[in-house]
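*Asks:* Below you'll find my_file.txt; it's compact mmCIF, C-alpha atoms.
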```txt
# COMPACT_ATOMS: atom_id res chain seq x y z
CA MET Q 1 203.47 8.06 137.90
CA ASN Q 2 200.37 7.03 135.96
CA ARG Q 3 198.65 3.66 136.33
CA GLN Q 4 199.93 2.35 132.98
CA VAL Q 5 203.53 2.90 134.04
CA ASP Q 6 202.84 1.19 137.37
CA ASP Q 7 201.35 -1.82 135.57
CA VAL Q 8 204.37 -2.33 133.36
CA VAL Q 9 206.82 -1.85 136.22
CA ARG Q 10 205.05 -4.54 138.25
CA ARG Q 11 205.34 -7.01 135.38
CA LEU Q 12 208.98 -6.26 134.65
CA ALA Q 13 210.07 -6.05 138.28
CA PRO Q 14 207.51 -8.10 140.21
CA ALA Q 15 207.81 -8.65 143.92
CA PRO Q 16 209.93 -11.80 144.26
CA GLY Q 17 208.08 -14.94 145.15
CA PRO Q 18 208.04 -18.68 144.70
CA GLY Q 19 207.56 -20.50 141.47
CA LEU Q 20 208.91 -19.16 138.19
CA THR Q 21 209.19 -22.70 136.95
CA ALA Q 22 207.89 -23.57 133.51
CA GLY Q 23 204.33 -23.99 134.73
CA ALA Q 24 204.35 -20.86 136.83
CA ARG Q 25 205.74 -18.63 134.08
CA GLU Q 26 202.59 -19.30 132.05
CA THR Q 27 200.35 -17.72 134.67
CA MET Q 28 202.67 -15.12 136.21
CA TYR Q 29 201.69 -12.32 133.86
CA GLN Q 30 198.00 -13.04 134.29
CA ILE Q 31 197.99 -12.50 138.05
CA MET Q 32 200.27 -9.47 138.42
CA GLU Q 33 197.27 -7.12 138.37
CA GLU Q 34 195.90 -8.65 141.57
CA GLU Q 35 197.21 -8.29 145.07
CA PRO Q 36 199.01 -11.53 145.91
CA VAL Q 37 196.99 -13.89 148.04
CA THR Q 38 199.37 -14.82 150.81
CA ALA Q 39 198.73 -18.05 152.65
CA LEU Q 40 201.97 -17.90 154.61
CA PRO Q 41 202.65 -17.48 157.38
CA VAL Q 42 199.43 -18.79 158.85
CA ARG Q 43 198.59 -17.72 162.34
CA GLY Q 44 196.36 -20.12 164.18
CA ARG Q 45 194.28 -19.63 167.28
CA ARG Q 46 196.10 -19.06 170.51
CA ARG Q 47 196.59 -22.32 172.32
CA GLY Q 48 194.61 -22.78 175.48
CA LEU Q 49 196.37 -23.15 178.82
CA ILE Q 50 196.35 -26.59 180.39
CA ALA Q 51 196.32 -26.80 184.17
CA LEU Q 52 198.90 -29.32 185.41
CA PRO Q 53 199.82 -30.25 188.91
CA ILE Q 54 202.90 -28.24 189.91
CA ALA Q 55 205.23 -31.21 190.15
CA ALA Q 56 204.09 -32.74 186.86
CA GLY Q 57 204.31 -29.37 185.12
CA ALA Q 58 207.85 -28.84 186.36
CA ILE Q 59 208.91 -32.28 185.18
CA ALA Q 60 207.32 -31.76 181.76
CA ALA Q 61 208.98 -28.36 181.38
CA SER Q 62 212.36 -29.75 182.37
CA LEU Q 63 212.04 -32.63 179.93
CA ALA Q 64 211.01 -30.30 177.09
CA ALA Q 65 213.94 -27.99 177.80
CA PHE Q 66 216.34 -30.93 177.86
CA LEU Q 67 215.06 -32.27 174.56
CA ALA Q 68 215.06 -28.84 172.91
CA PHE Q 69 218.44 -27.60 174.00
CA ALA Q 70 220.56 -30.71 174.60
CA PRO Q 71 223.40 -30.73 172.03
CA ALA Q 72 223.05 -33.24 169.21
CA SER Q 73 225.48 -33.61 166.34
CA ALA Q 74 222.72 -34.57 163.91
CA SER Q 75 220.33 -31.74 164.84
CA ALA Q 76 218.76 -29.93 161.91
CA LEU Q 77 218.30 -26.84 164.09
CA ASP Q 78 220.22 -25.24 166.93
CA ILE Q 79 217.73 -23.70 169.37
CA LYS Q 80 218.86 -21.55 172.28
CA ASP Q 81 216.85 -19.66 174.87
CA GLU Q 82 218.36 -16.19 175.28
CA ASP Q 83 217.04 -12.84 176.52
CA GLY Q 84 213.36 -13.65 176.11
CA TYR Q 85 213.76 -15.20 172.65
CA TYR Q 86 214.39 -18.58 171.11
CA LEU Q 87 217.35 -18.17 168.76
CA VAL Q 88 216.89 -20.70 165.96
CA GLU Q 89 219.74 -21.44 163.55
CA VAL Q 90 219.30 -23.84 160.63
CA LYS Q 91 222.26 -26.22 160.80
CA ASP Q 92 221.15 -28.51 157.96
CA VAL Q 93 219.35 -26.61 155.19
CA PHE Q 94 218.65 -29.85 153.30
CA ALA Q 95 217.11 -31.73 156.24
CA ASP Q 96 213.74 -33.44 156.05
CA PRO Q 97 211.14 -30.81 157.08
CA GLU Q 98 209.89 -33.18 159.77
CA ALA Q 99 213.26 -32.85 161.50
CA TYR Q 100 212.64 -29.11 161.87
CA GLN Q 101 209.10 -29.64 163.10
CA ARG Q 102 210.18 -32.20 165.68
CA GLN Q 103 212.74 -29.87 167.25
CA LEU Q 104 210.42 -26.86 167.16
CA ARG Q 105 207.63 -28.84 168.82
CA GLU Q 106 210.03 -30.04 171.49
CA ALA Q 107 210.80 -26.39 172.21
CA GLY Q 108 207.07 -25.73 172.60
CA LEU Q 109 206.74 -23.85 169.30
CA ASP Q 110 203.85 -24.47 166.92
CA ILE Q 111 205.88 -23.51 163.85
CA THR Q 112 206.19 -25.31 160.54
CA LEU Q 113 209.47 -24.48 158.80
CA ARG Q 114 210.22 -25.05 155.13
CA MET Q 115 213.42 -24.27 153.23
CA LEU Q 116 213.18 -23.44 149.51
CA PRO Q 117 216.03 -22.99 146.98
CA ALA Q 118 216.57 -19.28 146.36
CA PRO Q 119 218.96 -16.85 144.61
CA PRO Q 120 221.86 -15.55 146.72
CA SER Q 121 220.14 -12.36 147.91
CA GLN Q 122 217.15 -14.36 149.18
CA VAL Q 123 219.08 -16.98 151.16
CA GLY Q 124 218.17 -16.70 154.82
CA THR Q 125 215.17 -14.44 154.22
CA PHE Q 126 211.44 -14.94 154.55
CA ASP Q 127 209.44 -15.86 151.48
CA PRO Q 128 208.95 -12.31 150.17
CA THR Q 129 205.30 -12.91 149.25
CA ALA Q 130 204.44 -13.40 152.92
CA SER Q 131 204.43 -10.94 155.80
CA GLU Q 132 206.49 -11.62 158.89
CA PRO Q 133 204.37 -12.88 161.77
CA ASP Q 134 204.41 -10.95 165.03
CA GLY Q 135 207.07 -12.33 167.34
CA ILE Q 136 209.24 -13.95 164.64
CA GLU Q 137 212.02 -12.27 162.70
CA VAL Q 138 215.00 -13.29 160.60
CA ILE Q 139 218.50 -12.32 161.74
CA ARG Q 140 220.57 -11.11 158.79
CA GLN Q 141 224.24 -10.17 158.68
CA ASP Q 142 225.33 -7.26 156.52
CA GLY Q 143 226.78 -8.48 153.23
CA CYS Q 144 225.42 -12.02 153.47
CA GLU Q 145 223.65 -11.63 150.14
CA ARG Q 146 227.09 -11.46 148.51
CA ARG Q 147 228.69 -14.57 149.98
CA GLU Q 148 227.94 -18.19 150.77
CA GLY Q 149 228.05 -19.88 154.13
CA CYS Q 150 226.21 -17.21 156.11
CA PRO Q 151 224.11 -18.63 158.96
CA ILE Q 152 220.36 -18.85 158.44
CA ARG Q 153 218.83 -17.72 161.70
CA MET Q 154 215.60 -16.40 163.13
CA LYS Q 155 214.45 -15.44 166.58
CA VAL Q 156 211.08 -16.27 168.09
CA ARG Q 157 209.73 -14.37 171.05
CA ARG Q 158 209.74 -16.59 174.12
CA ASP Q 159 206.03 -15.96 174.76
CA PHE Q 160 205.01 -16.67 171.14
CA ALA Q 161 201.79 -18.66 171.53
CA GLY Q 162 200.39 -18.69 168.01
CA SER Q 163 201.12 -20.93 165.08
CA ALA Q 164 202.95 -20.08 161.88
CA GLU Q 165 204.20 -21.63 158.68
CA ILE Q 166 207.54 -20.09 157.78
CA ILE Q 167 209.32 -20.36 154.44
CA LEU Q 168 212.99 -19.37 154.31
CA GLY Q 169 215.29 -19.24 151.30
CA ARG Q 170 218.26 -21.61 151.17
CA GLN Q 171 221.18 -22.09 148.83
CA ALA Q 172 220.21 -24.12 145.77
CA ARG Q 173 222.03 -27.25 144.72
CA PRO Q 174 223.70 -27.21 141.28
CA GLY Q 175 220.99 -27.62 138.63
CA GLU Q 176 218.15 -27.07 141.12
CA GLU Q 177 215.53 -24.54 140.03
CA TYR Q 178 214.82 -21.64 142.35
CA GLU Q 179 211.44 -21.74 144.05
CA ILE Q 180 211.83 -18.16 145.25
CA ASN Q 181 212.33 -15.89 142.27
CA ILE Q 182 213.86 -12.45 141.91
CA GLY Q 183 215.08 -10.20 139.10
CA PHE Q 184 218.74 -10.58 138.17
CA ASP Q 185 219.19 -6.82 138.67
CA SER Q 186 217.81 -6.79 142.23
CA PRO Q 187 220.10 -5.61 145.05
CA GLY Q 188 222.64 -8.30 145.84
CA GLU Q 189 222.27 -10.02 142.46
CA PRO Q 190 224.83 -10.10 139.60
CA MET Q 191 223.19 -7.50 137.33
CA HIS Q 192 222.33 -4.95 140.01
CA CYS Q 193 222.94 -1.44 138.62
CA VAL Q 194 224.46 -2.88 135.43
CA PRO Q 195 223.02 -0.96 132.42
CA PHE Q 196 221.33 -3.52 130.20
CA HIS Q 197 217.86 -2.19 129.34
CA ASN Q 198 217.17 -2.03 125.58
CA ARG Q 199 220.58 -3.52 124.73
CA PRO Q 200 220.74 -6.42 122.27
CA VAL Q 201 220.79 -10.01 123.46
CA SER Q 202 224.33 -10.42 122.15
CA GLU Q 203 225.62 -7.67 124.44
CA VAL Q 204 223.64 -8.69 127.52
CA ARG Q 205 224.72 -12.30 127.02
CA GLY Q 206 228.30 -11.10 127.38
CA LEU Q 207 227.46 -9.09 130.51
CA LEU Q 208 225.90 -12.19 132.04
CA LYS Q 209 228.81 -14.42 131.02
CA ALA Q 210 231.27 -12.09 132.75
CA ARG Q 211 229.22 -12.58 135.94
CA GLY Q 212 229.01 -16.36 135.75
CA LEU Q 213 225.55 -16.59 134.18
CA ASP Q 214 224.30 -18.29 131.02
CA VAL Q 215 220.97 -17.65 129.30
CA GLN Q 216 218.57 -20.53 129.84
CA ALA Q 217 215.50 -19.18 128.03
CA PHE Q 218 213.77 -16.09 126.70
CA ASP Q 219 210.37 -14.61 127.52
CA VAL Q 220 209.30 -12.88 124.31
CA LEU Q 221 207.06 -9.87 124.94
CA GLY Q 222 204.78 -8.76 122.12
CA PRO Q 223 204.79 -5.22 120.71
CA ALA Q 224 201.63 -4.36 122.68
CA PHE Q 225 203.23 -5.19 126.03
CA TRP Q 226 203.67 -1.53 126.98
CA THR Q 227 200.08 -0.65 126.13
CA LYS Q 228 197.01 -0.96 128.31
CA GLY Q 229 195.68 -3.86 126.25
CA GLY Q 230 199.00 -5.70 126.20
CA LYS Q 231 199.16 -6.24 129.92
CA ASP Q 232 196.90 -9.30 129.68
CA THR Q 233 199.07 -11.02 127.08
CA PRO Q 234 201.43 -13.60 128.62
CA PRO Q 235 204.93 -13.89 127.14
CA GLU Q 236 205.99 -16.70 124.84
CA THR Q 237 208.95 -18.63 126.24
CA LYS Q 238 211.60 -19.71 123.72
CA THR Q 239 215.02 -21.31 123.86
CA SER Q 240 216.45 -18.95 121.25
CA VAL Q 241 215.75 -15.53 119.73
CA PRO Q 242 217.65 -13.24 117.34
CA GLU Q 243 220.76 -11.80 118.97
CA SER Q 244 219.48 -8.35 118.00
CA ALA Q 245 216.36 -8.62 120.18
CA HIS Q 246 216.06 -5.91 122.83
CA VAL Q 247 216.50 -7.00 126.46
CA VAL Q 248 213.97 -5.32 128.75
CA GLY Q 249 214.32 -7.44 131.89
CA GLY Q 250 215.39 -10.78 133.29
CA TYR Q 251 215.31 -13.08 136.30
CA LEU Q 252 217.34 -15.88 137.83
CA THR Q 253 216.09 -19.44 137.34
CA MET Q 254 218.79 -21.64 138.92
CA PRO Q 255 222.47 -21.31 139.88
CA GLY Q 256 224.31 -19.91 136.87
CA LYS Q 257 221.18 -19.56 134.72
CA ALA Q 258 218.87 -16.67 133.84
CA THR Q 259 215.86 -16.02 131.63
CA LEU Q 260 215.87 -12.82 129.57
CA GLN Q 261 212.73 -10.82 128.84
CA VAL Q 262 213.07 -9.56 125.28
CA SER Q 263 211.05 -7.48 122.82
CA ASP Q 264 211.26 -6.03 119.33
CA SER Q 265 210.59 -2.62 120.88
CA ASP Q 266 212.57 -0.50 123.32
CA LEU Q 267 211.40 -0.10 126.88
CA PRO Q 268 210.28 3.54 127.23
CA ASP Q 269 212.83 5.82 128.90
CA ASP Q 270 210.49 6.73 131.77
CA LEU Q 271 210.07 3.05 132.63
CA VAL Q 272 213.83 2.48 132.55
CA ARG Q 273 214.29 5.34 135.00
CA THR Q 274 211.55 3.96 137.24
CA LEU Q 275 213.06 0.47 137.26
CA LYS Q 276 216.47 1.85 138.13
CA ALA Q 277 215.02 3.89 140.96
CA LYS Q 278 213.17 0.86 142.35
CA ALA Q 279 216.46 -1.06 142.40
CA GLY Q 280 218.30 1.84 144.06
CA CYS Q 281 220.48 2.59 141.03
CA PRO Q 282 221.45 6.02 139.64
```
Output the file's structure as structure tokens, nothing else.

*Replies:*
Amino acid sequence: MNRQVDDVVRRLAPAPGPGLTAGARETMYQIMEEEPVTALPVRGRRRGLIALPIAAGAIAASLAAFLAFAPASASALDIKDEDGYYLVEVKDVFADPEAYQRQLREAGLDITLRMLPAPPSQVGTFDPTASEPDGIEVIRQDGCERREGCPIRMKVRRDFAGSAEIILGRQARPGEEYEINIGFDSPGEPMHCVPFHNRPVSEVRGLLKARGLDVQAFDVLGPAFWTKGGKDTPPETKTSVPESAHVVGGYLTMPGKATLQVSDSDLPDDLVRTLKAKAGCP
């Protein structure tokens, strides 16, 4: 595939990440040509060992274990020590972040945990713009991207001695904008493998409606979008466009809402094939 095709594919099917709110949409298309600068997770320096008298160290360890693992009905996290790992399950996805930090610190973990509203396929996953730190991984159940109520869990190696800031996706409240974004045709999302490229807005609107989605806005792509010079032109966001406009892409913005990427021109056939292949569709 040539570089021009790669450029367009990245802009139509960008790697999911936080922030396609109104302010972020304005700059999204200007930064797609650069490798994302990932600040998360942040690994700090390894903590130094502190020499304690044996008795005092044993008491401190026992107290920390009691605080970390004693059952509490109001706990934001459930932390268990099993087979060389801490198994961490988020019991309250809407808790104050400080509640997570308090429990993690009590377990001896220098981890900052944040939960951000995300589309269904991103619930219980790492922020996709960040790499997973060594010693920490998310536990996913097959099919969880297609149903609600799946546990959000991660495991941390018992000897993890670094620091990390972890962002996990959570279910969004009604009317809450997603802070982790993904295309509506990504695996696990309503339009996955549904043929919509180059179809008119009127037809795609019906496809979305049948899947419980309404159109919130439109990103209008100029006629030069597919050309080398057009890649630096950000889209114009509108609340309405002609129903005959061609749909070339789209993404989820909040529960039940999507933004369509539209153009007066068809997406070239080779790009359509590439986008389908990236999504794992025939």

*Asks:* Which residues are close to Val247 in chain Q, i.e. within 7 Å by all atoms listed in the file, leaving aside same-chain residues fewer than 4 positions away? Reply as a PyMOL selection string.

*Replies:* chain Q and resi 197-201+260-263

*Asks:* Residues near Ile166 in chain Q, anyone? I mean within 12 Å using all atoms listed in the file, not counting same-chain ones fewer than 3 positions away, as a VMD selection string.

*Replies:* chain Q and resid 38 to 43 97 100 to 101 104 110 to 116 124 to 133 136 to 138 154 156 163 169

*Asks:* Between CA of Thr253 in chain Q and CA of Gly149 in chain Q, what is the distance in Å, rounded to a tenth?

*Replies:*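 Separation between CA of Thr253 in chain Q and CA of Gly149 in chain Q: 20.6 Å.
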
*Asks:* Give as a list in words the set of residues within 9 Å of the point (205.3, -11.6, 124.5), where distances use the file's coordinates and all atoms listed in the file.

*Replies:*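 Result, sorted by chain then residue number: Asp219, Val220, Leu221, Gly222, Pro223, Ala224, Phe225, Gly230, Thr233, Pro234, Pro235, Glu236, Thr237, Gln261, Val262 and Ser263 of chain Q.
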
*Asks:* May I have the residues within 10 Å of Gln122 in chain Q as a PyMOL selection string, using only C-alpha atoms and disregarding those fewer than 6 positions away in the same chain?

*Replies:* chain Q and resi 16-17+116+128+144-145+168-171+180-182+188-189

*Asks:* Taking into account only C-alpha atoms, which residue in the set Q:Gly256, Q:Pro187, Q:Pro242, Q:Pro151 is nearest to Leu208 in chain Q?

*Replies:*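 Answer, going by the shortest atom-to-atom distance: Q:Gly256.
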
*Asks:* May I ask for the distance between CA of Ala210 in chain Q and CA of Ile152 in chain Q, given in Å to one decimal place?

*Replies:*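 So the two atoms, CA of Ala210 in chain Q and CA of Ile152 in chain Q, lie 28.7 Å apart.
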
*Asks:* Which residue is closest to Val88 in chain Q? Choose from Q:Leu213, Q:Lys155, Q:Pro119, Q:Gly135 and count all atoms listed in the file.

*Replies:* Q:Lys155

*Asks:* Rank Q:Asp134, Q:Gly175, Q:His246, Q:Gly280 by their smallest atom-to-atom distance to Pro268 in chain Q, using all atoms listed in the file, and report the top residue only.

*Replies:*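 For Pro268 in chain Q, the nearest of the given residues is Q:His246.
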
*Asks:* One number please: CA of Arg173 in chain Q to CA of Val93 in chain Q, in Å, one decimal.

*Replies:*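 These atoms are spaced 10.8 Å apart.
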
*Asks:* Which one of Q:Glu203, Q:Glu106, Q:Glu176, Q:Glu243 sits closest to Lys257 in chain Q if you count only C-alpha atoms?

*Replies:*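 Of Q:Glu203, Q:Glu106, Q:Glu176, Q:Glu243, the one nearest Lys257 in chain Q, counting only C-alpha atoms, is Q:Glu176.
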
*Asks:* Only N, CA and C atoms, please: range 107-130 of chain Q from the block, as a PDB file, in the first residue's frame.

*Replies:*
```
ATOM      1  N   ALA Q 107      -2.606  -1.577  49.497  1.00  0.00           N
ATOM      2  CA  ALA Q 107      -2.093  -2.867  49.041  1.00  0.00           C
ATOM      3  C   ALA Q 107      -0.616  -2.788  48.667  1.00  0.00           C
ATOM      4  N   GLY Q 108      -0.018  -1.593  48.839  1.00  0.00           N
ATOM      5  CA  GLY Q 108       1.397  -1.431  48.528  1.00  0.00           C
ATOM      6  C   GLY Q 108       1.668  -1.169  47.067  1.00  0.00           C
ATOM      7  N   LEU Q 109       0.666  -0.716  46.309  1.00  0.00           N
ATOM      8  CA  LEU Q 109       0.817  -0.495  44.873  1.00  0.00           C
ATOM      9  C   LEU Q 109       0.813   0.996  44.559  1.00  0.00           C
ATOM     10  N   ASP Q 110       1.846   1.432  43.862  1.00  0.00           N
ATOM     11  CA  ASP Q 110       1.950   2.837  43.455  1.00  0.00           C
ATOM     12  C   ASP Q 110       1.287   2.981  42.084  1.00  0.00           C
ATOM     13  N   ILE Q 111      -0.034   2.867  42.071  1.00  0.00           N
ATOM     14  CA  ILE Q 111      -0.799   2.904  40.826  1.00  0.00           C
ATOM     15  C   ILE Q 111      -1.918   3.930  40.958  1.00  0.00           C
ATOM     16  N   THR Q 112      -2.018   4.795  39.972  1.00  0.00           N
ATOM     17  CA  THR Q 112      -3.132   5.728  39.881  1.00  0.00           C
ATOM     18  C   THR Q 112      -4.112   5.185  38.846  1.00  0.00           C
ATOM     19  N   LEU Q 113      -5.341   4.994  39.236  1.00  0.00           N
ATOM     20  CA  LEU Q 113      -6.359   4.414  38.362  1.00  0.00           C
ATOM     21  C   LEU Q 113      -7.438   5.437  38.051  1.00  0.00           C
ATOM     22  N   ARG Q 114      -7.727   5.583  36.760  1.00  0.00           N
ATOM     23  CA  ARG Q 114      -8.817   6.461  36.318  1.00  0.00           C
ATOM     24  C   ARG Q 114      -9.753   5.653  35.439  1.00  0.00           C
ATOM     25  N   MET Q 115     -11.056   5.962  35.534  1.00  0.00           N
ATOM     26  CA  MET Q 115     -12.066   5.313  34.713  1.00  0.00           C
ATOM     27  C   MET Q 115     -12.698   6.369  33.815  1.00  0.00           C
ATOM     28  N   LEU Q 116     -12.710   6.120  32.492  1.00  0.00           N
ATOM     29  CA  LEU Q 116     -13.268   7.076  31.546  1.00  0.00           C
ATOM     30  C   LEU Q 116     -14.435   6.450  30.788  1.00  0.00           C
ATOM     31  N   PRO Q 117     -15.488   7.229  30.500  1.00  0.00           N
ATOM     32  CA  PRO Q 117     -16.617   6.691  29.720  1.00  0.00           C
ATOM     33  C   PRO Q 117     -16.165   6.272  28.333  1.00  0.00           C
ATOM     34  N   ALA Q 118     -16.614   5.081  27.901  1.00  0.00           N
ATOM     35  CA  ALA Q 118     -16.121   4.507  26.655  1.00  0.00           C
ATOM     36  C   ALA Q 118     -17.238   3.740  25.957  1.00  0.00           C
ATOM     37  N   PRO Q 119     -17.133   3.563  24.624  1.00  0.00           N
ATOM     38  CA  PRO Q 119     -18.084   2.720  23.890  1.00  0.00           C
ATOM     39  C   PRO Q 119     -18.019   1.284  24.397  1.00  0.00           C
ATOM     40  N   PRO Q 120     -19.046   0.490  24.084  1.00  0.00           N
ATOM     41  CA  PRO Q 120     -19.118  -0.878  24.636  1.00  0.00           C
ATOM     42  C   PRO Q 120     -17.865  -1.720  24.432  1.00  0.00           C
ATOM     43  N   SER Q 121     -17.262  -1.680  23.251  1.00  0.00           N
ATOM     44  CA  SER Q 121     -16.110  -2.547  23.005  1.00  0.00           C
ATOM     45  C   SER Q 121     -14.871  -2.123  23.774  1.00  0.00           C
ATOM     46  N   GLN Q 122     -14.871  -0.916  24.345  1.00  0.00           N
ATOM     47  CA  GLN Q 122     -13.712  -0.423  25.073  1.00  0.00           C
ATOM     48  C   GLN Q 122     -13.901  -0.454  26.583  1.00  0.00           C
ATOM     49  N   VAL Q 123     -15.069  -0.919  27.046  1.00  0.00           N
ATOM     50  CA  VAL Q 123     -15.296  -1.025  28.487  1.00  0.00           C
ATOM     51  C   VAL Q 123     -14.414  -2.134  29.042  1.00  0.00           C
ATOM     52  N   GLY Q 124     -13.682  -1.815  30.106  1.00  0.00           N
ATOM     53  CA  GLY Q 124     -12.810  -2.806  30.718  1.00  0.00           C
ATOM     54  C   GLY Q 124     -11.511  -3.028  29.986  1.00  0.00           C
ATOM     55  N   THR Q 125     -11.112  -2.079  29.127  1.00  0.00           N
ATOM     56  CA  THR Q 125      -9.840  -2.176  28.423  1.00  0.00           C
ATOM     57  C   THR Q 125      -8.959  -0.992  28.803  1.00  0.00           C
ATOM     58  N   PHE Q 126      -7.672  -1.140  28.539  1.00  0.00           N
ATOM     59  CA  PHE Q 126      -6.761  -0.011  28.707  1.00  0.00           C
ATOM     60  C   PHE Q 126      -7.098   1.083  27.705  1.00  0.00           C
ATOM     61  N   ASP Q 127      -6.775   2.314  28.071  1.00  0.00           N
ATOM     62  CA  ASP Q 127      -6.773   3.408  27.102  1.00  0.00           C
ATOM     63  C   ASP Q 127      -5.923   2.962  25.917  1.00  0.00           C
ATOM     64  N   PRO Q 128      -6.526   2.845  24.711  1.00  0.00           N
ATOM     65  CA  PRO Q 128      -5.783   2.279  23.592  1.00  0.00           C
ATOM     66  C   PRO Q 128      -4.623   3.119  23.091  1.00  0.00           C
ATOM     67  N   THR Q 129      -4.491   4.368  23.535  1.00  0.00           N
ATOM     68  CA  THR Q 129      -3.355   5.179  23.100  1.00  0.00           C
ATOM     69  C   THR Q 129      -2.120   4.916  23.968  1.00  0.00           C
ATOM     70  N   ALA Q 130      -2.276   4.102  25.005  1.00  0.00           N
ATOM     71  CA  ALA Q 130      -1.156   3.840  25.900  1.00  0.00           C
ATOM     72  C   ALA Q 130      -0.773   2.367  25.845  1.00  0.00           C
TER      73      ALA Q 130
END
```
